[in-house]
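Pasting run-v6.cif here (mmCIF, C-alpha atoms):
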```
data_my_file
loop_
_atom_site.label_atom_id
_atom_site.label_comp_id
_atom_site.auth_asym_id
_atom_site.auth_seq_id
_atom_site.Cartn_x
_atom_site.Cartn_y
_atom_site.Cartn_z
CA MET A 18 85.91 68.37 74.58
CA ALA A 19 87.87 71.14 76.27
CA LEU A 20 86.73 70.27 79.80
CA THR A 21 87.63 66.60 79.37
CA ARG A 22 91.14 67.55 78.20
CA PHE A 23 91.36 70.03 81.08
CA ARG A 24 90.58 67.34 83.68
CA LYS A 25 93.21 65.02 82.21
CA SER A 26 95.71 67.88 82.24
CA LEU A 27 94.81 68.71 85.84
CA SER A 28 95.43 65.10 86.92
CA VAL A 29 98.97 65.29 85.56
CA MET A 30 99.69 68.77 86.93
CA ASN A 31 98.51 67.87 90.43
CA GLN A 32 101.42 65.43 90.60
CA CYS A 33 104.06 68.00 89.72
CA LEU A 34 102.83 71.27 91.27
CA ILE A 35 103.63 72.06 94.88
CA TYR A 36 100.24 72.94 96.27
CA SER A 37 101.51 73.57 99.77
CA SER A 38 103.08 76.85 98.68
CA TYR A 39 99.60 78.21 98.00
CA GLY A 40 97.33 76.17 100.24
CA ASN A 41 97.28 78.48 103.24
CA SER A 42 97.20 81.75 101.33
CA GLN A 43 94.39 84.20 101.97
CA PHE A 44 93.27 85.72 98.71
CA PHE A 45 90.38 87.92 97.85
CA LEU A 46 90.28 88.57 94.10
CA ASN A 47 88.99 91.97 93.09
CA SER A 48 85.75 91.62 91.18
CA ILE A 49 86.54 91.50 87.48
CA SER A 50 83.08 92.72 86.63
CA ASN A 51 82.39 96.44 86.54
CA THR A 52 79.33 96.81 88.75
CA ALA A 53 77.22 99.92 88.41
CA SER A 54 77.96 102.82 90.70
CA PHE A 55 74.26 102.95 91.51
CA GLN A 56 71.84 100.20 92.46
CA CYS A 57 68.41 99.38 91.15
CA PRO A 58 66.04 101.34 93.43
CA ASN A 59 64.05 98.20 94.38
CA LEU A 60 67.05 95.92 94.85
CA ASN A 61 67.23 96.18 98.65
CA SER A 62 63.55 95.37 99.11
CA PHE A 63 63.83 92.40 96.73
CA VAL A 64 66.89 91.10 98.59
CA SER A 65 65.01 91.43 101.90
CA LYS A 66 62.11 89.51 100.39
CA LEU A 67 64.39 86.66 99.28
CA LEU A 68 66.14 86.55 102.65
CA GLN A 69 62.79 86.13 104.41
CA GLN A 70 61.80 83.20 102.19
CA PRO A 71 62.80 79.62 103.07
CA ILE A 72 65.52 78.00 100.99
CA PHE A 73 63.13 75.64 99.19
CA SER A 74 61.00 78.52 97.81
CA ILE A 75 63.80 80.75 96.43
CA LYS A 76 63.54 79.51 92.84
CA ALA A 77 59.75 79.75 92.96
CA GLY A 78 60.13 83.31 94.19
CA LEU A 79 62.42 84.12 91.27
CA ASP A 80 59.92 82.56 88.85
CA SER A 81 57.16 84.69 90.33
CA GLU A 82 59.22 87.87 90.06
CA GLU A 83 60.08 87.13 86.44
CA LYS A 84 56.39 86.82 85.52
CA CYS A 85 55.47 90.06 87.26
CA SER A 86 54.70 92.95 84.87
CA SER A 87 56.78 95.30 87.02
CA SER A 88 59.57 92.77 87.56
CA ILE A 89 62.84 94.12 88.92
CA PHE A 90 64.57 92.01 86.27
CA LYS A 91 63.16 94.33 83.59
CA SER A 92 64.80 97.42 85.08
CA GLN A 93 67.60 98.90 82.98
CA VAL A 94 69.76 99.33 86.07
CA PHE A 95 69.17 95.84 87.46
CA SER A 96 72.35 93.79 87.88
CA TRP A 97 72.61 90.08 88.66
CA ASP A 98 76.03 90.79 90.11
CA ALA A 99 74.54 93.28 92.57
CA LEU A 100 71.78 90.84 93.57
CA VAL A 101 74.16 87.92 94.16
CA ILE A 102 76.68 90.04 96.08
CA ALA A 103 73.90 91.50 98.25
CA LEU A 104 72.62 88.01 99.10
CA LYS A 105 76.09 86.55 99.61
CA SER A 106 76.83 88.29 102.92
CA SER A 107 73.64 87.06 104.61
CA SER A 108 72.92 83.81 102.80
CA PRO A 109 75.58 82.34 100.44
CA LYS A 110 73.31 79.35 99.84
CA LYS A 111 70.51 81.57 98.50
CA ALA A 112 73.01 83.46 96.36
CA ASN A 113 74.10 80.14 94.84
CA LEU A 114 70.46 79.24 94.20
CA VAL A 115 70.07 82.44 92.16
CA VAL A 116 72.99 81.31 89.99
CA GLU A 117 71.46 77.83 89.63
CA TRP A 118 68.11 79.36 88.63
CA ARG A 119 69.80 81.52 86.00
CA LEU A 120 71.63 78.45 84.64
CA GLU A 121 68.38 76.48 84.38
CA LYS A 122 66.89 79.37 82.39
CA LEU A 123 69.82 79.36 79.97
CA MET A 124 69.46 75.62 79.43
CA LYS A 125 65.72 75.91 78.90
CA GLU A 126 66.19 78.69 76.36
CA ASN A 127 69.06 76.83 74.62
CA GLU A 128 71.23 79.93 75.08
CA LYS A 129 74.12 80.25 72.59
CA ASN A 130 75.67 83.48 73.84
CA HIS A 131 79.14 83.17 75.39
CA ASP A 132 78.60 86.29 77.48
CA SER A 133 75.67 84.73 79.34
CA TYR A 134 77.82 81.82 80.48
CA CYS A 135 80.73 84.11 81.29
CA GLU A 136 78.47 86.13 83.55
CA LEU A 137 77.36 83.05 85.49
CA ILE A 138 80.90 81.67 85.84
CA ARG A 139 82.03 85.10 87.02
CA LEU A 140 79.28 85.06 89.66
CA CYS A 141 80.57 81.68 90.78
CA GLY A 142 83.89 83.40 91.34
CA GLU A 143 82.17 85.94 93.57
CA LEU A 144 80.70 83.04 95.54
CA GLN A 145 83.97 81.04 95.49
CA ASN A 146 82.08 78.13 93.97
CA VAL A 147 84.41 76.38 91.54
CA GLU A 148 82.27 73.24 91.36
CA THR A 149 79.30 75.12 89.91
CA ALA A 150 81.59 77.11 87.61
CA LEU A 151 82.92 73.85 86.14
CA HIS A 152 79.36 72.53 85.84
CA ILE A 153 78.31 75.63 83.88
CA PHE A 154 81.32 75.19 81.61
CA SER A 155 80.32 71.54 80.92
CA LEU A 156 76.70 72.41 80.19
CA MET A 157 77.77 75.17 77.85
CA GLU A 158 79.82 72.68 75.84
CA ALA A 159 76.90 70.23 75.91
CA GLN A 160 74.83 72.95 74.24
CA GLY A 161 77.29 72.80 71.33
CA LEU A 162 78.90 76.10 72.24
CA LYS A 163 82.69 75.97 71.99
CA PRO A 164 84.50 77.87 74.76
CA ASN A 165 86.49 80.97 73.93
CA SER A 166 89.17 82.88 75.80
CA SER A 167 86.62 84.96 77.73
CA VAL A 168 84.89 81.87 79.09
CA PHE A 169 88.21 80.30 80.08
CA ASN A 170 89.29 83.54 81.76
CA ALA A 171 86.07 83.63 83.77
CA LEU A 172 86.63 80.02 84.88
CA LEU A 173 90.28 80.69 85.68
CA SER A 174 89.34 83.75 87.75
CA ALA A 175 86.72 81.73 89.62
CA CYS A 176 89.45 79.27 90.56
CA LEU A 177 91.74 82.06 91.74
CA SER A 178 88.99 83.60 93.84
CA SER A 179 88.62 80.23 95.57
CA HIS A 180 92.38 80.04 96.27
CA ASN A 181 92.68 77.13 93.83
CA PHE A 182 95.95 78.00 92.13
CA VAL A 183 96.56 74.45 90.93
CA THR A 184 93.39 74.37 88.84
CA ALA A 185 94.00 77.90 87.59
CA LEU A 186 97.51 77.03 86.46
CA SER A 187 96.20 73.89 84.76
CA LEU A 188 93.65 75.98 82.86
CA PHE A 189 96.40 78.37 81.83
CA GLU A 190 98.48 75.50 80.42
CA LEU A 191 95.46 74.28 78.48
CA MET A 192 94.90 77.77 77.03
CA GLU A 193 98.55 78.06 76.06
CA SER A 194 98.35 74.89 73.98
CA SER A 195 95.11 75.87 72.25
CA LYS A 196 94.35 77.90 69.15
CA ASP A 197 90.65 78.45 69.88
CA TYR A 198 90.92 79.84 73.41
CA LYS A 199 94.45 81.18 73.61
CA SER A 200 95.49 83.03 76.77
CA ASP A 201 95.22 86.79 76.36
CA SER A 202 95.99 89.97 78.29
CA ASP A 203 93.12 89.35 80.72
CA THR A 204 94.50 85.89 81.53
CA TYR A 205 97.80 87.34 82.72
CA ASN A 206 96.01 90.17 84.54
CA ALA A 207 94.05 87.61 86.56
CA PHE A 208 97.26 86.02 87.90
CA ILE A 209 98.93 89.39 88.48
CA SER A 210 95.88 90.53 90.45
CA ALA A 211 95.76 87.30 92.45
CA HIS A 212 99.35 87.61 93.66
CA ALA A 213 98.98 91.37 94.17
CA ASN A 214 96.13 90.77 96.60
CA LEU A 215 98.31 88.27 98.45
CA GLY A 216 101.19 90.74 98.59
CA ASN A 217 103.35 88.14 96.81
CA LYS A 218 105.55 90.64 94.98
CA LYS A 219 107.89 88.07 93.46
CA ALA A 220 105.11 86.01 91.85
CA MET A 221 103.24 89.15 90.80
CA GLN A 222 106.27 90.54 88.99
CA ALA A 223 106.97 87.14 87.43
CA TRP A 224 103.52 87.09 85.86
CA TYR A 225 103.94 90.71 84.79
CA SER A 226 107.20 89.81 83.04
CA ALA A 227 105.49 86.80 81.47
CA LYS A 228 102.73 89.05 80.14
CA ILE A 229 105.23 91.40 78.50
CA ALA A 230 107.23 88.45 77.13
CA ALA A 231 104.03 87.04 75.61
CA GLY A 232 103.65 90.25 73.60
CA PHE A 233 101.00 91.97 75.70
CA SER A 234 101.48 95.48 77.02
CA ALA A 235 100.47 96.64 80.48
CA ASP A 236 97.00 98.18 80.69
CA LEU A 237 95.29 100.14 83.45
CA GLN A 238 94.18 96.96 85.24
CA THR A 239 97.77 95.68 85.18
CA TYR A 240 99.10 98.84 86.78
CA GLU A 241 96.31 98.88 89.34
CA SER A 242 97.32 95.37 90.43
CA LEU A 243 101.05 96.13 90.41
CA ILE A 244 100.59 99.20 92.61
CA LEU A 245 98.32 97.27 94.98
CA GLY A 246 100.83 94.42 95.17
CA CYS A 247 103.63 96.82 96.05
CA LEU A 248 101.42 98.44 98.69
CA ASN A 249 100.50 95.07 100.21
CA SER A 250 104.15 93.99 100.28
CA LYS A 251 105.21 97.41 101.65
CA ASP A 252 107.42 98.03 98.61
CA PHE A 253 106.51 101.72 98.39
CA PRO A 254 109.37 102.82 96.08
CA ASN A 255 108.28 100.39 93.36
CA ALA A 256 104.67 101.51 93.75
CA GLU A 257 105.80 105.00 92.80
CA ILE A 258 107.86 103.62 89.91
CA PHE A 259 104.88 101.71 88.49
CA TYR A 260 102.69 104.79 88.91
CA GLU A 261 105.19 106.90 86.96
CA GLU A 262 105.37 104.23 84.23
CA MET A 263 101.58 104.26 84.03
CA THR A 264 101.31 108.04 83.62
CA VAL A 265 104.13 108.12 81.05
CA ALA A 266 102.25 105.45 79.09
CA GLY A 267 99.29 107.83 78.96
CA PHE A 268 96.91 106.07 81.34
CA ILE A 269 94.65 108.12 83.60
CA PRO A 270 94.56 106.60 87.10
CA ASN A 271 91.22 105.38 88.39
CA VAL A 272 89.91 105.98 91.92
CA SER A 273 91.37 102.72 93.24
CA ILE A 274 94.86 103.63 92.03
CA MET A 275 94.60 107.16 93.40
CA GLN A 276 93.53 105.88 96.81
CA ASN A 277 96.33 103.33 96.93
CA MET A 278 98.86 106.00 95.99
CA LEU A 279 97.50 108.23 98.76
CA ILE A 280 98.24 105.40 101.19
CA VAL A 281 101.74 105.02 99.71
CA TYR A 282 102.40 108.73 100.26
CA CYS A 283 101.05 108.46 103.79
CA GLU A 284 103.49 105.64 104.48
CA ASN A 285 106.29 107.79 103.02
CA ARG A 286 105.00 110.80 105.02
CA ASN A 287 104.96 112.84 101.81
CA LEU A 288 102.62 115.74 102.65
CA SER A 289 103.13 117.60 99.39
CA LYS A 290 102.02 114.60 97.33
CA ILE A 291 99.02 113.99 99.57
CA LYS A 292 97.89 117.59 99.11
CA GLU A 293 98.47 117.33 95.36
CA TYR A 294 96.31 114.21 95.17
CA MET A 295 93.58 115.81 97.23
CA LYS A 296 93.44 118.57 94.60
CA TYR A 297 92.90 115.85 91.98
CA ALA A 298 90.10 114.49 94.13
CA MET A 299 88.46 117.90 94.23
CA ALA A 300 88.80 118.36 90.48
CA ASP A 301 87.37 114.93 89.62
CA SER A 302 84.84 114.74 92.50
CA TRP A 303 85.83 111.22 93.50
CA ARG A 304 85.06 109.73 96.87
CA ILE A 305 87.77 108.43 99.17
CA ASN A 306 87.19 105.25 101.14
CA ARG A 307 87.33 105.12 104.93
CA HIS A 308 90.63 103.22 105.07
CA THR A 309 92.41 105.90 103.03
CA VAL A 310 90.89 108.75 105.02
CA ALA A 311 91.98 107.05 108.25
CA LYS A 312 95.55 106.79 106.94
CA ILE A 313 95.67 110.51 106.09
CA VAL A 314 94.09 111.47 109.42
CA ASN A 315 96.55 109.34 111.40
CA LEU A 316 99.51 110.90 109.59
CA PHE A 317 98.33 114.48 110.16
CA ASP A 318 97.59 113.60 113.79
CA GLU A 319 101.07 112.16 114.30
CA LEU A 320 102.65 115.26 112.76
CA GLY A 321 100.44 117.56 114.83
CA SER A 322 99.42 119.36 111.65
CA VAL A 323 96.05 120.80 112.65
CA ARG A 324 96.04 123.25 109.72
CA ASP A 325 96.35 120.37 107.26
CA MET A 326 93.59 118.55 109.13
CA GLU A 327 91.30 121.58 108.80
CA GLU A 328 92.04 121.74 105.07
CA LEU A 329 91.26 118.03 104.78
CA LEU A 330 87.89 118.57 106.44
CA VAL A 331 87.02 121.33 103.95
CA THR A 332 88.07 119.14 101.02
CA LEU A 333 86.08 116.10 102.17
CA THR A 334 83.03 118.22 102.96
CA ASN A 335 83.11 119.72 99.46
CA LEU A 336 83.41 116.22 98.03
CA ASN A 337 80.21 115.16 99.85
CA GLN A 338 82.01 112.38 101.66
CA THR A 339 80.13 110.02 103.96
CA LEU A 340 79.42 111.14 107.52
CA GLU A 341 81.60 108.24 108.69
CA ASN A 342 84.61 109.67 106.86
CA LEU A 343 83.90 113.21 108.04
CA SER A 344 83.58 111.90 111.59
CA LEU A 345 87.17 110.65 111.47
CA VAL A 346 88.43 114.13 110.63
CA HIS A 347 86.16 116.00 113.06
CA SER A 348 87.24 113.75 115.93
CA ALA A 349 90.91 114.13 115.08
CA ILE A 350 90.65 117.93 114.99
CA ILE A 351 88.94 117.98 118.39
CA ARG A 352 91.63 115.67 119.83
CA MET A 353 94.41 117.85 118.47
CA TYR A 354 92.96 121.09 119.86
CA ALA A 355 92.35 119.40 123.24
CA ARG A 356 95.94 118.19 123.28
CA ILE A 357 97.30 121.74 122.93
CA ASN A 358 94.78 123.25 125.37
CA ARG A 359 92.85 125.37 122.84
CA LEU A 360 89.44 125.24 124.50
CA ASP A 361 87.77 127.86 122.27
CA ASP A 362 88.79 125.90 119.18
CA VAL A 363 87.59 122.65 120.76
CA GLU A 364 84.16 124.12 121.43
CA TYR A 365 83.93 125.59 117.94
CA SER A 366 84.93 122.24 116.43
CA VAL A 367 82.42 120.31 118.55
CA GLY A 368 79.63 122.69 117.52
CA ARG A 369 80.62 122.41 113.85
CA MET A 370 80.59 118.61 114.07
CA LEU A 371 77.18 118.45 115.77
CA LYS A 372 75.69 120.83 113.18
CA GLN A 373 76.69 118.34 110.46
CA GLY A 374 74.68 115.67 112.26
CA ILE A 375 77.77 113.87 113.54
CA SER A 376 78.13 112.86 117.18
CA PHE A 377 81.08 111.56 119.17
CA ARG A 378 81.78 107.91 118.44
CA CYS A 379 84.79 107.32 120.66
CA PRO A 380 84.60 107.63 124.47
CA GLU A 381 88.28 108.55 124.60
CA ASP A 382 87.62 111.69 122.54
CA ILE A 383 84.93 112.86 124.96
CA GLU A 384 87.20 112.15 127.90
CA LYS A 385 90.03 114.18 126.35
CA VAL A 386 87.68 117.16 126.05
CA ILE A 387 86.41 116.73 129.61
CA SER A 388 90.00 116.59 130.88
CA LEU A 389 90.71 119.88 129.10
CA TYR A 390 87.76 121.56 130.85
CA PHE A 391 89.09 120.38 134.20
CA ARG A 392 92.63 121.54 133.40
CA GLN A 393 91.28 125.02 132.68
CA ALA A 394 88.78 124.94 135.58
CA ALA A 395 86.01 125.81 133.09
CA TYR A 396 83.24 124.06 135.01
CA ASP A 397 80.25 126.03 133.72
CA ARG A 398 81.43 125.56 130.15
CA LEU A 399 81.81 121.85 130.92
CA ASP A 400 78.16 121.74 131.97
CA LEU A 401 77.12 123.22 128.63
CA PHE A 402 79.30 120.73 126.76
CA LEU A 403 77.76 117.78 128.62
CA LYS A 404 74.23 119.05 127.86
CA CYS A 405 75.08 119.36 124.16
CA ILE A 406 76.22 115.76 123.80
CA LYS A 407 73.97 114.06 126.35
CA ASP A 408 71.14 113.29 123.91
CA SER A 409 73.44 111.87 121.24
CA TYR A 410 75.88 109.87 123.34
CA LYS A 411 75.50 107.42 126.24
CA PHE A 412 78.31 107.79 128.79
CA ARG A 413 80.31 104.76 129.80
CA ARG A 414 81.63 104.05 133.30
CA SER A 415 85.09 105.50 132.69
CA THR A 416 83.57 108.83 131.58
CA TYR A 417 81.53 109.09 134.75
CA ASP A 418 84.58 108.16 136.84
CA LEU A 419 86.54 110.97 135.17
CA LEU A 420 83.78 113.47 135.99
CA VAL A 421 83.53 112.27 139.58
CA ALA A 422 87.28 112.59 140.12
CA GLY A 423 87.35 116.07 138.56
CA TYR A 424 84.46 117.44 140.57
CA ARG A 425 85.87 115.99 143.78
CA ARG A 426 89.25 117.60 143.19
CA ALA A 427 87.47 120.92 142.62
CA GLY A 428 85.26 120.47 145.68
CA LEU A 429 82.05 120.86 143.64
CA GLN A 430 79.62 118.85 145.78
CA ASP A 431 76.49 120.25 144.09
CA LYS A 432 77.69 119.00 140.71
CA LEU A 433 78.54 115.62 142.26
CA ASP A 434 74.98 115.31 143.54
CA VAL A 435 73.54 115.99 140.07
CA LEU A 436 76.02 113.57 138.52
CA LYS A 437 75.07 110.88 141.02
CA ASN A 438 71.46 110.98 139.82
CA ASP A 439 72.54 110.87 136.17
CA MET A 440 74.67 107.82 136.88
CA LYS A 441 71.76 106.00 138.51
CA LEU A 442 69.62 106.61 135.44
CA ASP A 443 72.33 104.98 133.31
CA GLY A 444 72.69 102.04 135.70
CA PHE A 445 75.89 103.14 137.44
CA PHE A 446 76.60 103.90 141.07
CA MET A 447 79.11 106.42 142.39
CA SER A 448 82.04 104.84 144.16
#
```
Transcribe the structure of this file into structure tokens.
Amino acid sequence: MALTRFRKSLSVMNQCLIYSSYGNSQFFLNSISNTASFQCPNLNSFVSKLLQQPIFSIKAGLDSEEKCSSSIFKSQVFSWDALVIALKSSSPKKANLVVEWRLEKLMKENEKNHDSYCELIRLCGELQNVETALHIFSLMEAQGLKPNSSVFNALLSACLSSHNFVTALSLFELMESSKDYKSDSDTYNAFISAHANLGNKKAMQAWYSAKIAAGFSADLQTYESLILGCLNSKDFPNAEIFYEEMTVAGFIPNVSIMQNMLIVYCENRNLSKIKEYMKYAMADSWRINRHTVAKIVNLFDELGSVRDMEELLVTLTNLNQTLENLSLVHSAIIRMYARINRLDDVEYSVGRMLKQGISFRCPEDIEKVISLYFRQAAYDRLDLFLKCIKDSYKFRRSTYDLLVAGYRRAGLQDKLDVLKNDMKLDGFFMS
């Protein structure tokens, strides 16, 4: 059978491949499954229920849920991927038990659908569990179901997600010599993606060239990996080249590509391109992740471009971005106005931020605002500012020290007395 030939092939390849070149690599393979953009409404409560159960009762709990008339498994939006991923962060062992339970069900039902086994092997990739992936492959063959390219690709991807390049390469060689499960476009994409995540530009491009030489054209996933690989290896010019190739080929970039290109343009300090891409974001209503927002904010902050920062805040607000993302922009705007001594604008920006339900998250930002009040001797306005943020933010020692020093320089003993009492309530003593 295929797995027996694979193990013989692996034994030979282990003698000739240099594993040390890959052994210490850190690789996180992007999920090859397209998870839903929304979760099953009851998923979180079911995950919490499983996390509270002891290990030995997990499978019994799954059996009980399956028999329930209102079982979460019957929901049209339920996803095994979502369940396993949710469990993985808190209890990898329980996540693996879910996969084992699903496998036992397939065996009991004498399942003959390749897709069912692909799904389980893919989940093993999420859990970096090659041993179980190989076991699923063996049981599938024992059921009389011959593997196809999709099953092999799932197994190969599981190996890559576990940093096992030797086994993945051995599987590839086996696919190349077969007629029934020949390597296809997805096979090459898996290797391109693996090296892209590592930032190994040379290996990534080698697999890309191999894909083209094998008669496969680049698809959207290929370009997504190529652009990511260039970004990770800091080869920004080639990222732009691959992006241009992609658009000329008629592909519409997905959110991941757009965000990576935004980072590329931030690294190149290309403001016009950033603004152009933000217009695309507005038109398509796509959300930007925190890392990308932080990159844009840092660039605008470095350039001192407060107008661009204000425009960014409007754009992200209209896109219904998370409060965490909006907080990054609000804080940066307040810092920038404080830096150039525009107290009226600082106060307006603080009020705007608080109205959106966002409070200060960084002590340094508060201290920059306090320093501005002292520079402008606006002590009464400082009192109002402190009252506004007192309920939403707990002062640290350095903030109190800054206030003490400022009031002492100004000779405001009455304010020092009030501050002394506030410090005691927070467990600090005035030095």
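Put simply, CA of Lys441 in chain A is 10.9 Å away from CA of Tyr417 in chain A.
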**Result set, the PyMOL selection byres ((chain A and resi 190-206) around 10) on current file, as a ChimeraX atom specification** = /A:19-20,22-24,26-27,30,49,163-171,173-174,184-189,207-211,221,224-229,231-236,238-243
**Prompt:** With all atoms listed in the file as the basis for distance, which of A:Glu158, A:Glu143, A:Glu82, A:Glu261 is at the shortest distance from Lys129 in chain A?
**Reply:**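 Result for the nearest residue to Lys129 in chain A: A:Glu158.
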**Request:** Choose the residue, out of A:Asn358, A:Ser155, A:Ser289, A:Ser87, that has the smallest atom-to-atom separation from Met124 in chain A; count only C-alpha atoms.
**Result:**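 Nearest to Met124 in chain A: A:Ser155.
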**Request:** Given the file shown, enumerate the residues that the PyMOL selection byres ((chain A and resi 63) around 12) captures and present them as an NGL selection string.
**Result:** :A and (56-62 or 64-70 or 75 or 78-79 or 82 or 88-90 or 95 or 99-101 or 103-104)
Taking (74.1, 110.4, 122.8) in the file's coordinates as the center, which residues reach within 12 Å of it, counting all atoms listed in the file, put as an mmCIF file with C-alpha atoms, in the coordinates of the input?
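Listing of result-v1.cif after writing:
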```
data_model
loop_
_atom_site.group_PDB
_atom_site.id
_atom_site.type_symbol
_atom_site.label_atom_id
_atom_site.label_comp_id
_atom_site.auth_asym_id
_atom_site.auth_seq_id
_atom_site.Cartn_x
_atom_site.Cartn_y
_atom_site.Cartn_z
ATOM 1 C CA LEU A 371 77.180 118.450 115.770
ATOM 2 C CA GLY A 374 74.680 115.670 112.260
ATOM 3 C CA ILE A 375 77.770 113.870 113.540
ATOM 4 C CA SER A 376 78.130 112.860 117.180
ATOM 5 C CA PHE A 377 81.080 111.560 119.170
ATOM 6 C CA ARG A 378 81.780 107.910 118.440
ATOM 7 C CA CYS A 379 84.790 107.320 120.660
ATOM 8 C CA PRO A 380 84.600 107.630 124.470
ATOM 9 C CA ILE A 383 84.930 112.860 124.960
ATOM 10 C CA LEU A 403 77.760 117.780 128.620
ATOM 11 C CA LYS A 404 74.230 119.050 127.860
ATOM 12 C CA CYS A 405 75.080 119.360 124.160
ATOM 13 C CA ILE A 406 76.220 115.760 123.800
ATOM 14 C CA LYS A 407 73.970 114.060 126.350
ATOM 15 C CA ASP A 408 71.140 113.290 123.910
ATOM 16 C CA SER A 409 73.440 111.870 121.240
ATOM 17 C CA TYR A 410 75.880 109.870 123.340
ATOM 18 C CA LYS A 411 75.500 107.420 126.240
ATOM 19 C CA PHE A 412 78.310 107.790 128.790
ATOM 20 C CA ARG A 413 80.310 104.760 129.800
ATOM 21 C CA ASP A 443 72.330 104.980 133.310
#
```
**Prompt:** So how far away is CA of Ser179 in chain A from CA of Asn249 in chain A, in Å?
**Reply:** 19.6 Å
**Prompt:** At what distance in Å, to one decimal, does CA of Phe154 in chain A lie from CA of Ser108 in chain A?
**Reply:** 24.4 Å
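Among the candidates A:Ser366, A:Thr416, A:Gln338, A:Asn181, the residue lying nearest to Ile350 in chain A is A:Ser366 (atoms considered: all atoms listed in the file).
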**Request:** For range 144-151 of chain A, list every protein, DNA or RNA residue within 10 Å, evaluated using only C-alpha atoms, and leave out those in the same chain fewer than 5 positions away; present the list as number ranges by chain.
**Result:** A: 20, 45-46, 101-102, 105-106, 109-110, 112-113, 116-117, 120, 134-135, 137-139, 156-157, 171-181, 184
Using C-alpha atoms, can you export the residues from the last selection as a short mmCIF file (atom, residue, chain, number, x, y, z; two decimals), keeping the file's coordinate frame?
```
data_model
loop_
_atom_site.label_atom_id
_atom_site.label_comp_id
_atom_site.auth_asym_id
_atom_site.auth_seq_id
_atom_site.Cartn_x
_atom_site.Cartn_y
_atom_site.Cartn_z
CA LEU A 20 86.73 70.27 79.80
CA PHE A 45 90.38 87.92 97.85
CA LEU A 46 90.28 88.57 94.10
CA VAL A 101 74.16 87.92 94.16
CA ILE A 102 76.68 90.04 96.08
CA LYS A 105 76.09 86.55 99.61
CA SER A 106 76.83 88.29 102.92
CA PRO A 109 75.58 82.34 100.44
CA LYS A 110 73.31 79.35 99.84
CA ALA A 112 73.01 83.46 96.36
CA ASN A 113 74.10 80.14 94.84
CA VAL A 116 72.99 81.31 89.99
CA GLU A 117 71.46 77.83 89.63
CA LEU A 120 71.63 78.45 84.64
CA TYR A 134 77.82 81.82 80.48
CA CYS A 135 80.73 84.11 81.29
CA LEU A 137 77.36 83.05 85.49
CA ILE A 138 80.90 81.67 85.84
CA ARG A 139 82.03 85.10 87.02
CA LEU A 156 76.70 72.41 80.19
CA MET A 157 77.77 75.17 77.85
CA ALA A 171 86.07 83.63 83.77
CA LEU A 172 86.63 80.02 84.88
CA LEU A 173 90.28 80.69 85.68
CA SER A 174 89.34 83.75 87.75
CA ALA A 175 86.72 81.73 89.62
CA CYS A 176 89.45 79.27 90.56
CA LEU A 177 91.74 82.06 91.74
CA SER A 178 88.99 83.60 93.84
CA SER A 179 88.62 80.23 95.57
CA HIS A 180 92.38 80.04 96.27
CA ASN A 181 92.68 77.13 93.83
CA THR A 184 93.39 74.37 88.84
#
```
Would you place a box with edges along x, y and z of the file around all atoms of range 96-105 of chain A listed there, add 3 Å to each of its six sides, and report the centre and edge lengths in Å to one decimal, as JSON?
```
{"center_x": 74.2, "center_y": 90.2, "center_z": 93.7, "size_x": 10.9, "size_y": 13.2, "size_z": 17.7}
```
**Asked** Pick the closest to Gln373 in chain A from A:Leu343, A:Leu333, A:Ile258, A:Ile244: which is it, counting only C-alpha atoms?
**Response**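 Of A:Leu343, A:Leu333, A:Ile258, A:Ile244, the one nearest Gln373 in chain A is A:Leu343, counting only C-alpha atoms.
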**Request:** Find, counting only C-alpha atoms, the residue in A:His308, A:Leu237, A:Arg426, A:Ser250 that gets nearest to Gly267 in chain A.
**Result:** A:Leu237
**Item:** Hits from the PyMOL selection byres ((chain A and resi 387) around 9), listed as a PyMOL selection string
**Value:** chain A and resi 382-386+388-392+399+402-403+416+419-420
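Compared by their closest atoms to Leu320 in chain A, and using all atoms listed in the file, the residues A:Ser74, A:Cys283, A:Thr334, A:Pro254 rank with A:Cys283 nearest.
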